[in-house]
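Q: Supplied in structure tokens, the structure appears directly below.
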Amino acid sequence: QLRVINSLKTVGRGITSAQFEKLGADRIIHRLYKQGNHYLAYEIGNYLNLNTEAIYVDWAITKIREDYVSKEEELAHAITRKVMHAKSVSFTKMAIEAYNQGRNDLALRLLENEKSLTKKVPLLLDMGKFDLALDCSIRSGDTNLSYLVIMEMQKTITEEEFFELISQRAIAKDLFLTYTRQADEPLFKKGLRVLGLKHQGAIEAVRMAYGSRSINMRVDALNIANKLFIENEDGLYSKATEDQLKLLKVQEKLVSNTRNTQKMDKSLSQLIYEAYKEGNAAVAHGLEK
């Protein structure tokens, strides 16, 4: 304690032991660096084994506010070199100050050193750096954060810019489609078309087909799906869709003859079984062919 009190005298901050006890080391250090005495604040904090992160950050912010002589690259390098060895220092706080001072290039250079991806994203969004924000959110593995970025992009940039950014990132495409499938079906369908996702578009057409009770609508939707499967060279899916179209024709005929609409949702084997059970062997034999 005595050593700290003596060191304070070198900057005109002489205090007694009683005053030191009353103020506490943290408050004394805070006052020191807020008055520009960063080095002494650090020396005392380090001597007392206290967290010195706030001292580094305040020093960097002071440099950002006052140093307009150095080039952005040089200033970023000087700050990084000085504070890099501090384990938990927040480069985002420094970058926010640089951005608020209109020094965007400096802000981006400082953000490159931020270890926390989630801390970077809000500032990158504020700066309009949507590509970087999207990449950071994806690398963070936080899907909620990625959804936030995607929704912010939708509100802020043009549709063309939005789909261009999404199209270049597979995870972003999947997240976009998952969200819009549930929340915005027209946008979901548009996304499938614009992004050229023919296979996914075909699957969606199949889903729509069997969500309808109308045979005609099912036929139309399955024809669309089959066309997309063929264009995407999905032979197996195309064959399965063609089989479903053939089955629909059989179902349509049976519904017309029996007035039983439940037959629309029966498989071929179920229809054959029911025909035998109902004593319609001829119908069963026809279905087997």
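Just so we're on the same page: first chain in the structure tokens is A, next is B, and so on; residues restart at 1 for each chain, and ligands are numbered from 1 in the order they show up.
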Excluding Cys136 of chain A and residues on its chain fewer than 4 positions from it, collect all residues at most 9 Å away from it, counting only C-alpha atoms, and give them as a PyMOL selection string.
A: chain A and resi 117-118+120-121+131-132+140-141+146
Q: Determine, counting only C-alpha atoms, which protein, DNA and RNA residues have an atom within 12 Å of an atom of segment 199-204 of chain A; residues of the same chain fewer than 2 positions away are not included. Present the result as a ChimeraX atom specification.
A: /A:173-174,177-178,181,185,188-197,206-211,221-238,240-241
Q: Just the selected residues (N, CA and C atoms), exported as a tab-separated table (two decimals), in the first residue's frame, please.
A:
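Generated output (selection_21.tsv):
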```tsv
chain	number	residue	atom	x	y	z
A	173	LYS	N	-28.22	-19.88	-47.06
A	173	LYS	CA	-29.36	-20.31	-47.90
A	173	LYS	C	-30.29	-21.22	-47.10
A	174	ASP	N	-29.71	-22.18	-46.40
A	174	ASP	CA	-30.52	-23.12	-45.62
A	174	ASP	C	-31.31	-22.40	-44.53
A	177	LEU	N	-34.18	-20.37	-46.12
A	177	LEU	CA	-35.28	-21.22	-46.57
A	177	LEU	C	-36.05	-21.80	-45.38
A	178	THR	N	-35.35	-22.17	-44.33
A	178	THR	CA	-36.01	-22.70	-43.13
A	178	THR	C	-36.93	-21.64	-42.52
A	181	ARG	N	-39.90	-20.63	-45.10
A	181	ARG	CA	-40.87	-21.71	-45.30
A	181	ARG	C	-41.98	-21.63	-44.26
A	185	GLU	N	-44.26	-17.68	-46.97
A	185	GLU	CA	-44.26	-18.65	-48.08
A	185	GLU	C	-44.00	-18.01	-49.44
A	188	PHE	N	-40.42	-17.47	-49.67
A	188	PHE	CA	-39.77	-18.78	-49.75
A	188	PHE	C	-39.76	-19.27	-51.21
A	189	LYS	N	-40.92	-19.19	-51.86
A	189	LYS	CA	-41.01	-19.65	-53.26
A	189	LYS	C	-40.15	-18.78	-54.17
A	190	LYS	N	-40.15	-17.48	-53.90
A	190	LYS	CA	-39.33	-16.59	-54.71
A	190	LYS	C	-37.86	-16.91	-54.52
A	191	GLY	N	-37.47	-17.20	-53.28
A	191	GLY	CA	-36.08	-17.54	-53.00
A	191	GLY	C	-35.65	-18.80	-53.74
A	192	LEU	N	-36.51	-19.79	-53.78
A	192	LEU	CA	-36.20	-21.02	-54.52
A	192	LEU	C	-35.94	-20.72	-55.98
A	193	ARG	N	-36.79	-19.84	-56.53
A	193	ARG	CA	-36.66	-19.51	-57.96
A	193	ARG	C	-35.41	-18.68	-58.23
A	194	VAL	N	-35.22	-17.62	-57.45
A	194	VAL	CA	-34.09	-16.71	-57.68
A	194	VAL	C	-32.75	-17.41	-57.43
A	195	LEU	N	-32.72	-18.26	-56.42
A	195	LEU	CA	-31.48	-18.94	-56.07
A	195	LEU	C	-31.22	-20.16	-56.95
A	196	GLY	N	-32.16	-20.45	-57.84
A	196	GLY	CA	-31.97	-21.57	-58.76
A	196	GLY	C	-31.96	-22.92	-58.08
A	197	LEU	N	-32.72	-23.04	-57.00
A	197	LEU	CA	-32.75	-24.29	-56.24
A	197	LEU	C	-33.86	-25.19	-56.77
A	206	VAL	N	-44.02	-30.88	-54.48
A	206	VAL	CA	-44.58	-32.15	-54.00
A	206	VAL	C	-45.33	-31.94	-52.68
A	207	ARG	N	-44.71	-31.18	-51.80
A	207	ARG	CA	-45.36	-30.89	-50.51
A	207	ARG	C	-46.69	-30.17	-50.71
A	208	MET	N	-46.70	-29.20	-51.62
A	208	MET	CA	-47.94	-28.48	-51.92
A	208	MET	C	-48.99	-29.40	-52.54
A	209	ALA	N	-48.52	-30.32	-53.38
A	209	ALA	CA	-49.45	-31.24	-54.04
A	209	ALA	C	-50.23	-32.04	-53.01
A	210	TYR	N	-49.54	-32.58	-52.05
A	210	TYR	CA	-50.21	-33.44	-51.07
A	210	TYR	C	-50.78	-32.65	-49.90
A	211	GLY	N	-50.66	-31.34	-49.98
A	211	GLY	CA	-51.37	-30.51	-49.01
A	211	GLY	C	-52.73	-30.10	-49.53
A	221	ALA	N	-49.37	-29.63	-59.53
A	221	ALA	CA	-48.18	-29.43	-58.70
A	221	ALA	C	-47.14	-30.51	-58.95
A	222	LEU	N	-47.58	-31.76	-59.12
A	222	LEU	CA	-46.64	-32.85	-59.38
A	222	LEU	C	-46.00	-32.73	-60.75
A	223	ASN	N	-46.75	-32.21	-61.72
A	223	ASN	CA	-46.17	-31.97	-63.05
A	223	ASN	C	-45.06	-30.92	-62.97
A	224	ILE	N	-45.30	-29.88	-62.16
A	224	ILE	CA	-44.27	-28.85	-61.96
A	224	ILE	C	-43.04	-29.47	-61.30
A	225	ALA	N	-43.29	-30.29	-60.27
A	225	ALA	CA	-42.19	-30.95	-59.56
A	225	ALA	C	-41.38	-31.84	-60.51
A	226	ASN	N	-42.09	-32.61	-61.33
A	226	ASN	CA	-41.41	-33.51	-62.26
A	226	ASN	C	-40.56	-32.74	-63.26
A	227	LYS	N	-41.08	-31.61	-63.73
A	227	LYS	CA	-40.33	-30.77	-64.67
A	227	LYS	C	-39.02	-30.28	-64.03
A	228	LEU	N	-39.11	-29.85	-62.78
A	228	LEU	CA	-37.91	-29.37	-62.07
A	228	LEU	C	-36.93	-30.50	-61.79
A	229	PHE	N	-37.45	-31.68	-61.44
A	229	PHE	CA	-36.57	-32.83	-61.21
A	229	PHE	C	-35.81	-33.19	-62.49
A	230	ILE	N	-36.50	-33.15	-63.61
A	230	ILE	CA	-35.87	-33.48	-64.89
A	230	ILE	C	-34.80	-32.46	-65.23
A	231	GLU	N	-35.12	-31.15	-65.04
A	231	GLU	CA	-34.15	-30.10	-65.34
A	231	GLU	C	-32.92	-30.22	-64.45
A	232	ASN	N	-33.12	-30.72	-63.23
A	232	ASN	CA	-32.01	-30.86	-62.28
A	232	ASN	C	-31.33	-32.23	-62.38
A	233	GLU	N	-31.78	-33.02	-63.35
A	233	GLU	CA	-31.23	-34.35	-63.59
A	233	GLU	C	-31.36	-35.25	-62.37
A	234	ASP	N	-32.49	-35.12	-61.67
A	234	ASP	CA	-32.79	-35.99	-60.54
A	234	ASP	C	-33.65	-37.15	-61.03
A	235	GLY	N	-33.01	-38.12	-61.70
A	235	GLY	CA	-33.75	-39.20	-62.34
A	235	GLY	C	-34.61	-40.02	-61.40
A	236	LEU	N	-34.06	-40.36	-60.24
A	236	LEU	CA	-34.80	-41.18	-59.28
A	236	LEU	C	-36.05	-40.46	-58.78
A	237	TYR	N	-35.90	-39.17	-58.48
A	237	TYR	CA	-37.04	-38.39	-58.01
A	237	TYR	C	-38.07	-38.22	-59.13
A	238	SER	N	-37.58	-38.02	-60.34
A	238	SER	CA	-38.49	-37.85	-61.48
A	238	SER	C	-39.32	-39.11	-61.69
A	240	ALA	N	-40.08	-41.40	-59.45
A	240	ALA	CA	-41.03	-41.54	-58.34
A	240	ALA	C	-42.22	-40.60	-58.54
A	241	THR	N	-41.97	-39.40	-59.06
A	241	THR	CA	-43.04	-38.43	-59.29
A	241	THR	C	-43.97	-38.91	-60.41
```
Q: For Thr80 of chain A, which residue out of A:Phe130, A:Trp59, A:Tyr47, A:Phe163 is the nearest one, using only C-alpha atoms?
A: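 Closest candidate: A:Trp59.
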Q: Could you write out, as a ChimeraX atom specification, all the residues of segment 2-99 of chain A that DSSP marks as helix (DSSP H, G or I)?
A: /A:2-9,17-23,25-34,38-47,53-66,72-83,91-99
Q: Extract, using only C-alpha atoms, all DNA, RNA and protein residues at most 9 Å from Ile44 of chain A, discarding same-chain residues fewer than 4 positions from it, and format them as a ChimeraX atom specification.
A: /A:4,7,25,29,39-40,48-50
Q: Skipping near chain neighbours, those fewer than 4 positions away, what residues fall within 10 Å of Met153 of chain A using only C-alpha atoms, listed as an MDAnalysis selection string?
A: chainID A and resid 125 128:131 133:134 147:149 157:159 161:163 165:166
Q: So that I can check the surroundings of Ile55 of chain A, please list as an MDAnalysis selection string every protein, DNA and RNA residue that reaches within 8 Å of it, counting only C-alpha atoms and ignoring chain neighbours fewer than 3 positions away.
A: chainID A and resid 30 33 38 41:42 52 58:59
Q: What's the separation between atom CA of Ser116 of chain A and atom CA of Leu75 of chain A, in Å to one decimal place?
A: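 Taking atom CA of Ser116 of chain A and atom CA of Leu75 of chain A, their separation equals 21.7 Å.
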